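Have a look at model_33.cif; it's mmCIF, C-alpha atoms:
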```
data_final
loop_
_atom_site.label_atom_id
_atom_site.label_comp_id
_atom_site.auth_asym_id
_atom_site.auth_seq_id
_atom_site.Cartn_x
_atom_site.Cartn_y
_atom_site.Cartn_z
CA MET K 1 107.73 99.17 106.15
CA ILE K 2 108.35 102.64 104.75
CA HIS K 3 106.22 105.51 105.99
CA ARG K 4 103.44 107.12 103.97
CA TYR K 5 105.08 110.33 102.76
CA ILE K 6 108.05 110.28 100.41
CA PHE K 7 109.92 112.86 98.37
CA HIS K 8 110.21 112.33 94.61
CA ASN K 9 112.22 114.84 92.58
CA GLU K 10 110.50 118.12 93.55
CA ASN K 11 107.45 116.85 95.38
CA LEU K 12 106.50 115.61 98.84
CA LEU K 13 103.61 113.20 98.31
CA PRO K 14 101.92 110.04 99.60
CA VAL K 15 103.76 106.95 98.42
CA GLU K 16 100.74 105.73 96.44
CA LYS K 17 100.88 108.93 94.36
CA ALA K 18 104.50 108.49 93.31
CA ARG K 19 105.01 107.51 89.68
CA LEU K 20 108.07 105.69 88.39
CA SER K 21 108.37 104.67 84.77
CA MET K 22 109.36 101.66 82.71
CA GLY K 23 111.29 104.23 80.66
CA GLN K 24 113.62 105.05 83.55
CA ALA K 25 116.53 102.98 82.31
CA GLY K 26 118.57 103.40 85.49
CA LEU K 27 115.72 102.00 87.55
CA ILE K 28 115.36 98.97 85.30
CA CYS K 29 119.08 98.16 85.08
CA GLY K 30 120.08 99.24 88.59
CA TRP K 31 122.22 102.22 87.60
CA GLY K 32 122.01 104.39 90.68
CA ILE K 33 123.21 104.77 94.25
CA PHE K 34 121.67 105.09 97.68
CA THR K 35 122.48 105.60 101.32
CA THR K 36 120.70 104.81 104.60
CA LEU K 37 120.78 107.40 107.38
CA ARG K 38 119.93 107.22 111.06
CA ILE K 39 117.29 109.64 112.34
CA ALA K 40 117.91 110.57 115.98
CA ARG K 41 115.73 113.10 117.81
CA GLY K 42 114.39 114.17 114.43
CA GLU K 43 117.85 114.89 113.02
CA ALA K 44 119.62 113.16 110.11
CA PHE K 45 122.78 111.86 111.77
CA ALA K 46 126.10 112.27 109.92
CA TYR K 47 124.38 113.61 106.80
CA GLU K 48 127.59 115.25 105.60
CA ARG K 49 129.46 111.94 105.59
CA HIS K 50 126.67 110.19 103.73
CA TRP K 51 126.55 112.92 101.11
CA ARG K 52 130.32 112.83 100.55
CA ARG K 53 130.09 109.08 99.96
CA LEU K 54 127.21 109.57 97.52
CA GLU K 55 129.32 112.07 95.58
CA LYS K 56 132.27 109.69 95.55
CA HIS K 57 130.18 106.76 94.33
CA ALA K 58 128.40 108.91 91.71
CA ALA K 59 131.79 109.81 90.25
CA ILE K 60 132.79 106.13 90.08
CA ILE K 61 129.66 105.10 88.16
CA ARG K 62 129.81 108.31 86.06
CA MET K 63 126.43 109.57 87.19
CA PRO K 64 125.94 113.36 87.31
CA MET K 65 125.12 114.83 90.72
CA THR K 66 122.28 117.14 89.76
CA CYS K 67 121.19 117.78 93.36
CA ALA K 68 122.90 120.04 95.92
CA ALA K 69 123.67 118.67 99.37
CA ALA K 70 121.87 121.46 101.24
CA LYS K 71 118.73 121.15 99.12
CA VAL K 72 118.52 117.39 99.55
CA ARG K 73 118.99 117.79 103.30
CA MET K 74 116.08 120.25 103.33
CA HIS K 75 113.90 117.77 101.41
CA LEU K 76 114.95 114.95 103.76
CA HIS K 77 113.74 116.96 106.74
CA GLU K 78 110.48 117.66 104.93
CA VAL K 79 109.92 113.90 104.82
CA ILE K 80 110.98 113.49 108.46
CA ARG K 81 108.48 116.16 109.54
CA ALA K 82 105.67 114.85 107.33
CA ASN K 83 106.07 111.35 108.77
CA LYS K 84 106.54 112.72 112.32
CA ILE K 85 109.77 110.80 112.83
CA THR K 86 111.75 111.20 116.03
CA GLU K 87 113.72 107.94 115.94
CA GLY K 88 114.03 105.93 112.75
CA CYS K 89 115.95 105.75 109.51
CA ALA K 90 115.83 107.24 106.04
CA ARG K 91 117.02 106.37 102.57
CA ILE K 92 118.15 108.66 99.79
CA TYR K 93 118.15 107.17 96.28
CA LEU K 94 119.65 108.73 93.17
CA VAL K 95 118.63 106.90 89.98
CA TYR K 96 120.33 107.67 86.65
CA ASN K 97 117.68 107.87 83.94
CA SER K 98 119.73 108.63 80.83
CA VAL K 99 121.55 105.34 80.34
CA GLY K 100 121.04 102.22 78.27
CA PHE K 101 118.66 101.37 75.46
CA TRP K 102 115.37 100.89 77.31
CA GLN K 103 114.39 104.53 77.69
CA SER K 104 111.12 106.28 76.93
CA GLU K 105 110.46 109.58 75.19
CA GLU K 106 108.66 111.09 78.19
CA LEU K 107 110.17 114.12 79.89
CA ARG K 108 112.24 113.17 82.89
CA PRO K 109 115.18 114.59 84.85
CA PRO K 110 118.63 113.11 84.21
CA VAL K 111 118.64 111.76 87.78
CA ASP K 112 115.63 110.89 89.94
CA LEU K 113 115.77 111.80 93.64
CA LEU K 114 113.79 109.56 96.00
CA ILE K 115 113.67 109.95 99.80
CA CYS K 116 111.75 107.77 102.23
CA THR K 117 111.75 106.98 105.95
CA ALA K 118 110.99 103.93 108.07
CA ALA K 119 111.07 102.75 111.65
CA LEU K 120 114.32 101.26 112.91
CA PRO K 121 114.51 97.50 112.34
CA GLU K 122 114.57 95.33 115.44
CA TYR K 123 117.73 93.29 116.04
CA ALA K 124 118.65 90.66 118.61
CA PRO K 125 121.27 91.71 121.20
CA ALA K 126 123.76 89.42 119.47
CA ALA K 127 123.77 88.29 115.84
CA ARG K 128 124.22 84.82 114.36
CA LEU K 129 126.14 84.94 111.08
CA ALA K 130 126.32 82.52 108.17
CA LEU K 131 129.38 82.41 105.90
CA ARG K 132 129.28 82.82 102.12
CA PRO K 133 132.32 82.13 99.91
CA HIS K 134 132.64 84.42 96.87
CA GLY K 135 130.10 86.82 98.31
CA ARG K 136 132.22 89.78 97.24
CA HIS K 137 134.43 90.34 94.21
CA ALA K 138 137.11 92.70 95.53
CA ALA K 139 138.74 93.16 92.12
CA ASN K 140 135.49 94.43 90.56
CA ALA K 141 135.58 98.10 89.55
CA LEU K 142 132.34 98.67 91.45
CA SER K 143 133.52 96.91 94.60
CA GLY K 144 132.51 98.98 97.62
CA VAL K 145 130.03 101.13 95.68
CA LYS K 146 126.55 101.23 97.21
CA THR K 147 124.51 100.81 94.06
CA ILE K 148 120.78 100.15 93.81
CA SER K 149 121.72 96.82 92.19
CA TRP K 150 121.30 95.19 95.61
CA LEU K 151 120.10 91.68 94.72
CA ASN K 152 123.29 89.92 95.79
CA ASN K 153 122.91 91.38 99.27
CA VAL K 154 119.21 90.84 99.86
CA TRP K 155 119.31 87.36 98.32
CA SER K 156 122.29 86.36 100.47
CA VAL K 157 120.69 87.48 103.73
CA ALA K 158 117.37 85.86 102.75
CA GLU K 159 119.13 82.56 102.12
CA ALA K 160 120.89 82.85 105.48
CA GLY K 161 117.54 83.60 107.13
CA ARG K 162 116.18 80.31 105.80
CA GLU K 163 118.87 78.60 107.88
CA GLY K 164 118.12 80.61 111.01
CA PHE K 165 120.92 83.19 110.72
CA ASP K 166 120.60 86.95 111.08
CA GLU K 167 123.33 88.05 108.66
CA VAL K 168 126.10 86.72 106.42
CA VAL K 169 129.87 87.12 106.42
CA MET K 170 130.80 87.66 102.78
CA LEU K 171 134.18 86.30 101.70
CA ASN K 172 135.88 87.67 98.59
CA GLU K 173 137.43 85.73 95.70
CA ARG K 174 140.68 85.35 97.70
CA GLY K 175 138.86 83.77 100.64
CA GLU K 176 139.31 86.91 102.77
CA VAL K 177 136.64 88.33 105.07
CA SER K 178 135.07 91.37 103.40
CA GLU K 179 131.92 92.43 105.28
CA CYS K 180 128.32 91.41 105.93
CA THR K 181 125.52 92.18 103.49
CA SER K 182 124.67 95.44 105.27
CA ALA K 183 127.29 95.81 107.99
CA ASN K 184 131.02 96.05 108.51
CA ILE K 185 132.67 93.42 110.70
CA TYR K 186 135.39 93.55 113.37
CA VAL K 187 137.28 91.09 115.55
CA VAL K 188 138.74 91.70 119.00
CA LYS K 189 141.89 89.75 119.70
CA ASN K 190 144.25 90.28 122.65
CA GLY K 191 142.73 93.69 123.33
CA LYS K 192 143.06 94.88 119.71
CA ILE K 193 140.28 95.59 117.22
CA LEU K 194 140.84 94.50 113.62
CA THR K 195 138.63 95.09 110.58
CA PRO K 196 139.06 94.21 106.88
CA PRO K 197 140.66 96.87 104.66
CA LEU K 198 138.65 98.45 101.85
CA SER K 199 140.76 96.43 99.41
CA ALA K 200 138.87 93.34 100.66
CA GLY K 201 135.81 94.65 98.81
CA CYS K 202 133.86 96.10 101.73
CA LEU K 203 131.80 99.27 101.82
CA GLU K 204 133.42 102.30 103.40
CA GLY K 205 130.72 102.40 106.06
CA VAL K 206 129.86 105.68 107.75
CA THR K 207 129.65 104.01 111.17
CA ARG K 208 132.94 102.23 110.43
CA GLY K 209 134.66 105.51 109.64
CA ILE K 210 133.40 107.17 112.80
CA LEU K 211 134.46 104.22 114.96
CA MET K 212 137.96 104.32 113.49
CA GLU K 213 138.17 108.01 114.45
CA ILE K 214 136.80 107.78 117.98
CA ALA K 215 138.01 104.34 119.14
CA PRO K 216 141.44 105.68 120.25
CA GLU K 217 139.58 107.68 122.94
CA THR K 218 139.22 104.36 124.76
CA GLY K 219 142.89 103.51 124.35
CA ILE K 220 142.03 100.94 121.68
CA SER K 221 142.49 101.80 118.01
CA ILE K 222 140.92 99.95 115.08
CA THR K 223 143.47 98.53 112.66
CA GLN K 224 142.67 97.49 109.10
CA GLN K 225 144.04 93.99 108.49
CA THR K 226 143.34 91.12 106.14
CA LEU K 227 141.20 88.55 107.95
CA HIS K 228 140.11 85.00 107.22
CA ALA K 229 137.31 82.88 108.64
CA GLU K 230 139.72 81.32 111.14
CA ASP K 231 140.41 84.78 112.57
CA LEU K 232 136.70 85.15 113.27
CA TYR K 233 136.42 81.74 114.92
CA SER K 234 139.40 82.33 117.22
CA ALA K 235 138.52 85.92 118.19
CA ASP K 236 137.83 87.00 121.75
CA GLU K 237 134.89 89.04 120.43
CA VAL K 238 133.31 89.73 117.06
CA PHE K 239 130.99 92.65 116.39
CA ILE K 240 129.33 94.33 113.42
CA SER K 241 128.33 97.93 112.78
CA SER K 242 125.86 99.71 110.52
CA THR K 243 123.60 102.73 110.41
CA ASN K 244 120.59 100.83 111.71
CA ARG K 245 122.44 98.71 114.26
CA ASN K 246 125.11 101.00 115.72
CA VAL K 247 127.35 98.26 117.20
CA ILE K 248 126.12 94.78 118.12
CA GLY K 249 127.96 91.63 119.14
CA VAL K 250 128.15 88.34 117.24
CA SER K 251 127.38 85.11 119.11
CA GLU K 252 127.92 82.59 116.30
CA ILE K 253 129.53 82.33 112.87
CA ALA K 254 128.62 79.31 110.73
CA GLY K 255 128.24 77.02 113.75
CA HIS K 256 131.26 78.41 115.63
CA ALA K 257 130.18 79.94 118.95
CA ILE K 258 131.71 83.25 120.06
CA ALA K 259 131.78 83.29 123.86
CA ASN K 260 131.51 87.03 124.51
CA ALA K 261 128.44 88.44 122.80
CA PRO K 262 128.34 91.27 123.36
CA GLY K 263 131.74 91.38 125.02
CA PRO K 264 133.23 94.27 127.01
CA VAL K 265 135.00 95.88 124.04
CA THR K 266 131.84 95.62 121.92
CA ARG K 267 129.79 97.29 124.64
CA GLN K 268 132.45 99.96 125.04
CA MET K 269 132.42 100.74 121.31
CA ASN K 270 128.63 100.93 121.26
CA GLU K 271 128.53 103.29 124.22
CA LEU K 272 131.21 105.46 122.63
CA PHE K 273 129.32 105.58 119.35
CA GLU K 274 126.00 106.39 121.03
CA SER K 275 127.70 109.27 122.83
CA TYR K 276 129.05 110.54 119.50
CA VAL K 277 125.55 110.41 117.96
CA ASP K 278 124.11 112.29 120.93
CA ASP K 279 126.79 114.99 120.72
CA TYR K 280 126.26 115.40 116.95
CA VAL K 281 122.50 115.72 117.26
CA THR K 282 122.77 118.15 120.19
CA ARG K 283 125.10 120.39 118.17
CA ARG K 284 122.79 120.31 115.15
CA LEU K 285 119.67 121.10 117.19
CA THR K 286 121.46 123.89 119.05
CA THR K 287 122.56 125.45 115.76
CA ALA K 288 119.07 125.17 114.28
CA ALA K 289 117.54 126.88 117.35
CA ARG K 290 119.69 130.03 116.97
#
```
Could I get this file's structure written as structure tokens?
Amino acid sequence: MIHRYIFHNENLLPVEKARLSMGQAGLICGWGIFTTLRIARGEAFAYERHWRRLEKHAAIIRMPMTCAAAKVRMHLHEVIRANKITEGCARIYLVYNSVGFWQSEELRPPVDLLICTAALPEYAPAARLALRPHGRHAANALSGVKTISWLNNVWSVAEAGREGFDEVVMLNERGEVSECTSANIYVVKNGKILTPPLSAGCLEGVTRGILMEIAPETGISITQQTLHAEDLYSADEVFISSTNRNVIGVSEIAGHAIANAPGPVTRQMNELFESYVDDYVTRRLTTAAR
């Protein structure tokens, strides 16, 4: 459930006062992008990485970036303060209004900015994953772009939930493992960590990128490699990562039990990531206090 105060374009206001329009063509057709950020000790973790990805994805879908990074960060912290958030998550949406036929004549900015916050979702210590063939189309020009056209993801996880699963492993058109609906996936085999390459159709996750940078500190690097379902079933450990989860183990994939959940490498990666988050937030708060 999102919190009461949101930011819309230039205004901080209660959610019930926000007005969106049928004439916002991007909203109706899903032409826009978004990102989900972790709020830790009142700070927006890894904001710079999220913003760079938003800029990259905006360029791909040919949407102008009418907002400056620093200004949006300021507005994000307005929402965090208004909702009195210490630990939680936030979403930044950028919706392209000037596209398509179904527009209105009312005055509107080229791109709508929407910011909201929410409590962190609760997750089990280990996840049970379903498997969905053709869940991703890696050859699609928008593959890996985090658009607001999110039906495929929310529908897939809802269908998995009907069968008692927590998430879904999405396979691409070549039968390769791509990702989950809102998480990147990794296998541990013979002391090595493997994760699908971006060419498999997965999102370039912020948590994924950080893990790939810091994992060598443990003596274990993360290698991008094409994976298939059989690689998941035969792994020593499987784990997933996302903004809202950090790193959690996987105990089952489509009826195949994974013995170690969470296993020692999974726990090690989560501890390493939590330390990174703590260091980032401490640096940000120290700088802000000067």
Taking the file as shown, find all residues satisfying the PyMOL selection byres ((chain K and resi 136) around 10) and write them as a PDB file with C-alpha atoms, in the frame of the given file.
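Okay, this is what ended up in expr.pdb:
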```
ATOM      1  CA  ARG K 132     129.280  82.820 102.120  1.00  0.00           C
ATOM      2  CA  PRO K 133     132.320  82.130  99.910  1.00  0.00           C
ATOM      3  CA  HIS K 134     132.640  84.420  96.870  1.00  0.00           C
ATOM      4  CA  GLY K 135     130.100  86.820  98.310  1.00  0.00           C
ATOM      5  CA  HIS K 137     134.430  90.340  94.210  1.00  0.00           C
ATOM      6  CA  ALA K 138     137.110  92.700  95.530  1.00  0.00           C
ATOM      7  CA  ALA K 139     138.740  93.160  92.120  1.00  0.00           C
ATOM      8  CA  ASN K 140     135.490  94.430  90.560  1.00  0.00           C
ATOM      9  CA  SER K 143     133.520  96.910  94.600  1.00  0.00           C
ATOM     10  CA  GLY K 144     132.510  98.980  97.620  1.00  0.00           C
ATOM     11  CA  ASN K 152     123.290  89.920  95.790  1.00  0.00           C
ATOM     12  CA  ASN K 153     122.910  91.380  99.270  1.00  0.00           C
ATOM     13  CA  VAL K 169     129.870  87.120 106.420  1.00  0.00           C
ATOM     14  CA  MET K 170     130.800  87.660 102.780  1.00  0.00           C
ATOM     15  CA  LEU K 171     134.180  86.300 101.700  1.00  0.00           C
ATOM     16  CA  ASN K 172     135.880  87.670  98.590  1.00  0.00           C
ATOM     17  CA  GLU K 173     137.430  85.730  95.700  1.00  0.00           C
ATOM     18  CA  ARG K 174     140.680  85.350  97.700  1.00  0.00           C
ATOM     19  CA  GLY K 175     138.860  83.770 100.640  1.00  0.00           C
ATOM     20  CA  GLU K 176     139.310  86.910 102.770  1.00  0.00           C
ATOM     21  CA  VAL K 177     136.640  88.330 105.070  1.00  0.00           C
ATOM     22  CA  SER K 178     135.070  91.370 103.400  1.00  0.00           C
ATOM     23  CA  GLU K 179     131.920  92.430 105.280  1.00  0.00           C
ATOM     24  CA  CYS K 180     128.320  91.410 105.930  1.00  0.00           C
ATOM     25  CA  THR K 181     125.520  92.180 103.490  1.00  0.00           C
ATOM     26  CA  ALA K 200     138.870  93.340 100.660  1.00  0.00           C
ATOM     27  CA  GLY K 201     135.810  94.650  98.810  1.00  0.00           C
ATOM     28  CA  CYS K 202     133.860  96.100 101.730  1.00  0.00           C
TER      29      CYS K 202
END
```
Find the spatial neighbours of Ala126 of chain K, counting all atoms listed in the file, within a cut-off of 7 Å - ignore same-chain residues fewer than 3 positions away - and output them as an mmCIF file with C-alpha atoms, in the coordinates of the input.
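Final file, around_27.cif:
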```cif
data_model
loop_
_atom_site.group_PDB
_atom_site.id
_atom_site.type_symbol
_atom_site.label_atom_id
_atom_site.label_comp_id
_atom_site.auth_asym_id
_atom_site.auth_seq_id
_atom_site.Cartn_x
_atom_site.Cartn_y
_atom_site.Cartn_z
ATOM 1 C CA ILE K 248 126.120 94.780 118.120
ATOM 2 C CA GLY K 249 127.960 91.630 119.140
ATOM 3 C CA VAL K 250 128.150 88.340 117.240
ATOM 4 C CA SER K 251 127.380 85.110 119.110
ATOM 5 C CA ALA K 261 128.440 88.440 122.800
ATOM 6 C CA PRO K 262 128.340 91.270 123.360
#
```
Interatomic distance, atom CA of Ala119 of chain K to atom CA of Asn97 of chain K (Å, one decimal) |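 Computing the Euclidean distance for atom CA of Ala119 of chain K and atom CA of Asn97 of chain K yields 28.9 Å.
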Å distance separating atom CA of His8 of chain K from atom CA of Arg284 of chain K, one decimal place = 25.4 Å
For each of K:Lys146, K:His77, K:Arg128, K:His228, take the minimum atom-to-atom distance to Arg53 of chain K, counting only C-alpha atoms, then give the residue where this is smallest.
->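 Going through K:Lys146, K:His77, K:Arg128, K:His228 one by one, the smallest distance to Arg53 of chain K is for K:Lys146.
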Taking all atoms listed in the file into account, which of K:His75, K:Arg267, K:His57, K:His50 comes nearest Ile115 of chain K?
->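 The shortest atom-to-atom distance to Ile115 of chain K comes from K:His75.
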Dump as a ChimeraX atom specification all residues having an atom at most 8 Å from (123.7, 117.6, 110.6), computed in the file's coordinates with all atoms listed in the file.
-> /K:43-48,280-281,284
Evaluate the PyMOL selection byres ((chain K and resi 210) around 10) and report residues as a ChimeraX atom specification = /K:46,49,205-209,211-215,273,276-277
Using all atoms listed in the file, which of K:Glu10, K:Ile39, K:Leu131, K:Glu204 sits nearest Ser241 of chain K?
-> K:Glu204
Mind checking which residues fall within 9 Å of Ala18 of chain K, counting all atoms listed in the file, ignoring those fewer than 2 positions away in the same chain, and posting them as a list of chain:residue names?
-> K:Ile6, K:Phe7, K:His8, K:Leu13, K:Pro14, K:Val15, K:Glu16, K:Leu20
Mind filling out segment 241-252 of chain K with all heavy atoms and sending it as a PDB file, in the frame of the given file?
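Written file, rebuild_22.pdb:
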```pdb
ATOM      1  N   SER K 241     128.864  96.570 112.644  1.00  0.00           N
ATOM      2  CA  SER K 241     128.330  97.930 112.780  1.00  0.00           C
ATOM      3  C   SER K 241     127.621  98.334 111.497  1.00  0.00           C
ATOM      4  O   SER K 241     127.998  97.920 110.402  1.00  0.00           O
ATOM      5  CB  SER K 241     129.463  98.927 113.073  1.00  0.00           C
ATOM      6  OG  SER K 241     130.253  99.166 111.912  1.00  0.00           O
ATOM      7  N   SER K 242     126.578  99.143 111.667  1.00  0.00           N
ATOM      8  CA  SER K 242     125.860  99.710 110.520  1.00  0.00           C
ATOM      9  C   SER K 242     125.013 100.862 111.011  1.00  0.00           C
ATOM     10  O   SER K 242     124.844 101.061 112.222  1.00  0.00           O
ATOM     11  CB  SER K 242     124.977  98.650 109.847  1.00  0.00           C
ATOM     12  OG  SER K 242     123.872  98.326 110.664  1.00  0.00           O
ATOM     13  N   THR K 243     124.452 101.589 110.061  1.00  0.00           N
ATOM     14  CA  THR K 243     123.600 102.730 110.410  1.00  0.00           C
ATOM     15  C   THR K 243     122.446 102.328 111.295  1.00  0.00           C
ATOM     16  O   THR K 243     122.129 103.004 112.271  1.00  0.00           O
ATOM     17  CB  THR K 243     123.077 103.397 109.118  1.00  0.00           C
ATOM     18  OG1 THR K 243     124.166 104.037 108.453  1.00  0.00           O
ATOM     19  CG2 THR K 243     122.009 104.429 109.422  1.00  0.00           C
ATOM     20  N   ASN K 244     121.777 101.231 110.965  1.00  0.00           N
ATOM     21  CA  ASN K 244     120.590 100.830 111.710  1.00  0.00           C
ATOM     22  C   ASN K 244     120.886 100.043 112.978  1.00  0.00           C
ATOM     23  O   ASN K 244     120.011  99.888 113.826  1.00  0.00           O
ATOM     24  CB  ASN K 244     119.670  99.982 110.817  1.00  0.00           C
ATOM     25  CG  ASN K 244     119.007 100.803 109.739  1.00  0.00           C
ATOM     26  OD1 ASN K 244     118.910 102.025 109.848  1.00  0.00           O
ATOM     27  ND2 ASN K 244     118.562 100.152 108.684  1.00  0.00           N
ATOM     28  N   ARG K 245     122.109  99.540 113.111  1.00  0.00           N
ATOM     29  CA  ARG K 245     122.440  98.710 114.260  1.00  0.00           C
ATOM     30  C   ARG K 245     123.294  99.425 115.298  1.00  0.00           C
ATOM     31  O   ARG K 245     123.367  98.983 116.435  1.00  0.00           O
ATOM     32  CB  ARG K 245     123.227  97.461 113.801  1.00  0.00           C
ATOM     33  CG  ARG K 245     122.485  96.507 112.897  1.00  0.00           C
ATOM     34  CD  ARG K 245     123.436  95.413 112.454  1.00  0.00           C
ATOM     35  NE  ARG K 245     122.821  94.386 111.647  1.00  0.00           N
ATOM     36  CZ  ARG K 245     122.696  94.439 110.324  1.00  0.00           C
ATOM     37  NH1 ARG K 245     123.131  95.503 109.668  1.00  0.00           N
ATOM     38  NH2 ARG K 245     122.139  93.452 109.663  1.00  0.00           N
ATOM     39  N   ASN K 246     124.000 100.481 114.919  1.00  0.00           N
ATOM     40  CA  ASN K 246     125.110 101.000 115.720  1.00  0.00           C
ATOM     41  C   ASN K 246     126.155  99.899 115.807  1.00  0.00           C
ATOM     42  O   ASN K 246     126.721  99.489 114.811  1.00  0.00           O
ATOM     43  CB  ASN K 246     124.666 101.484 117.089  1.00  0.00           C
ATOM     44  CG  ASN K 246     123.903 102.792 117.026  1.00  0.00           C
ATOM     45  OD1 ASN K 246     123.694 103.347 115.954  1.00  0.00           O
ATOM     46  ND2 ASN K 246     123.483 103.289 118.170  1.00  0.00           N
ATOM     47  N   VAL K 247     126.374  99.341 117.008  1.00  0.00           N
ATOM     48  CA  VAL K 247     127.350  98.260 117.200  1.00  0.00           C
ATOM     49  C   VAL K 247     126.673  97.139 117.957  1.00  0.00           C
ATOM     50  O   VAL K 247     126.120  97.355 119.038  1.00  0.00           O
ATOM     51  CB  VAL K 247     128.574  98.760 118.006  1.00  0.00           C
ATOM     52  CG1 VAL K 247     129.545  97.621 118.277  1.00  0.00           C
ATOM     53  CG2 VAL K 247     129.277  99.899 117.261  1.00  0.00           C
ATOM     54  N   ILE K 248     126.672  95.926 117.398  1.00  0.00           N
ATOM     55  CA  ILE K 248     126.120  94.780 118.120  1.00  0.00           C
ATOM     56  C   ILE K 248     127.091  93.607 118.039  1.00  0.00           C
ATOM     57  O   ILE K 248     127.846  93.463 117.079  1.00  0.00           O
ATOM     58  CB  ILE K 248     124.721  94.354 117.606  1.00  0.00           C
ATOM     59  CG1 ILE K 248     124.781  93.873 116.158  1.00  0.00           C
ATOM     60  CG2 ILE K 248     123.738  95.502 117.725  1.00  0.00           C
ATOM     61  CD1 ILE K 248     123.451  93.283 115.691  1.00  0.00           C
ATOM     62  N   GLY K 249     127.064  92.769 119.068  1.00  0.00           N
ATOM     63  CA  GLY K 249     127.960  91.630 119.140  1.00  0.00           C
ATOM     64  C   GLY K 249     127.501  90.476 118.259  1.00  0.00           C
ATOM     65  O   GLY K 249     126.354  90.424 117.806  1.00  0.00           O
ATOM     66  N   VAL K 250     128.414  89.552 118.033  1.00  0.00           N
ATOM     67  CA  VAL K 250     128.150  88.340 117.240  1.00  0.00           C
ATOM     68  C   VAL K 250     128.340  87.138 118.154  1.00  0.00           C
ATOM     69  O   VAL K 250     129.384  86.996 118.796  1.00  0.00           O
ATOM     70  CB  VAL K 250     129.095  88.253 116.030  1.00  0.00           C
ATOM     71  CG1 VAL K 250     128.951  86.918 115.319  1.00  0.00           C
ATOM     72  CG2 VAL K 250     128.827  89.416 115.070  1.00  0.00           C
ATOM     73  N   SER K 251     127.332  86.272 118.215  1.00  0.00           N
ATOM     74  CA  SER K 251     127.380  85.110 119.110  1.00  0.00           C
ATOM     75  C   SER K 251     127.762  83.825 118.395  1.00  0.00           C
ATOM     76  O   SER K 251     128.172  82.850 119.040  1.00  0.00           O
ATOM     77  CB  SER K 251     126.029  84.915 119.793  1.00  0.00           C
ATOM     78  OG  SER K 251     125.010  84.699 118.825  1.00  0.00           O
ATOM     79  N   GLU K 252     127.621  83.819 117.049  1.00  0.00           N
ATOM     80  CA  GLU K 252     127.920  82.590 116.300  1.00  0.00           C
ATOM     81  C   GLU K 252     128.256  82.925 114.862  1.00  0.00           C
ATOM     82  O   GLU K 252     127.670  83.834 114.271  1.00  0.00           O
ATOM     83  CB  GLU K 252     126.716  81.643 116.331  1.00  0.00           C
ATOM     84  CG  GLU K 252     126.907  80.359 115.534  1.00  0.00           C
ATOM     85  CD  GLU K 252     125.617  79.573 115.362  1.00  0.00           C
ATOM     86  OE1 GLU K 252     124.666  79.793 116.137  1.00  0.00           O
ATOM     87  OE2 GLU K 252     125.567  78.757 114.425  1.00  0.00           O
TER      88      GLU K 252
END
```
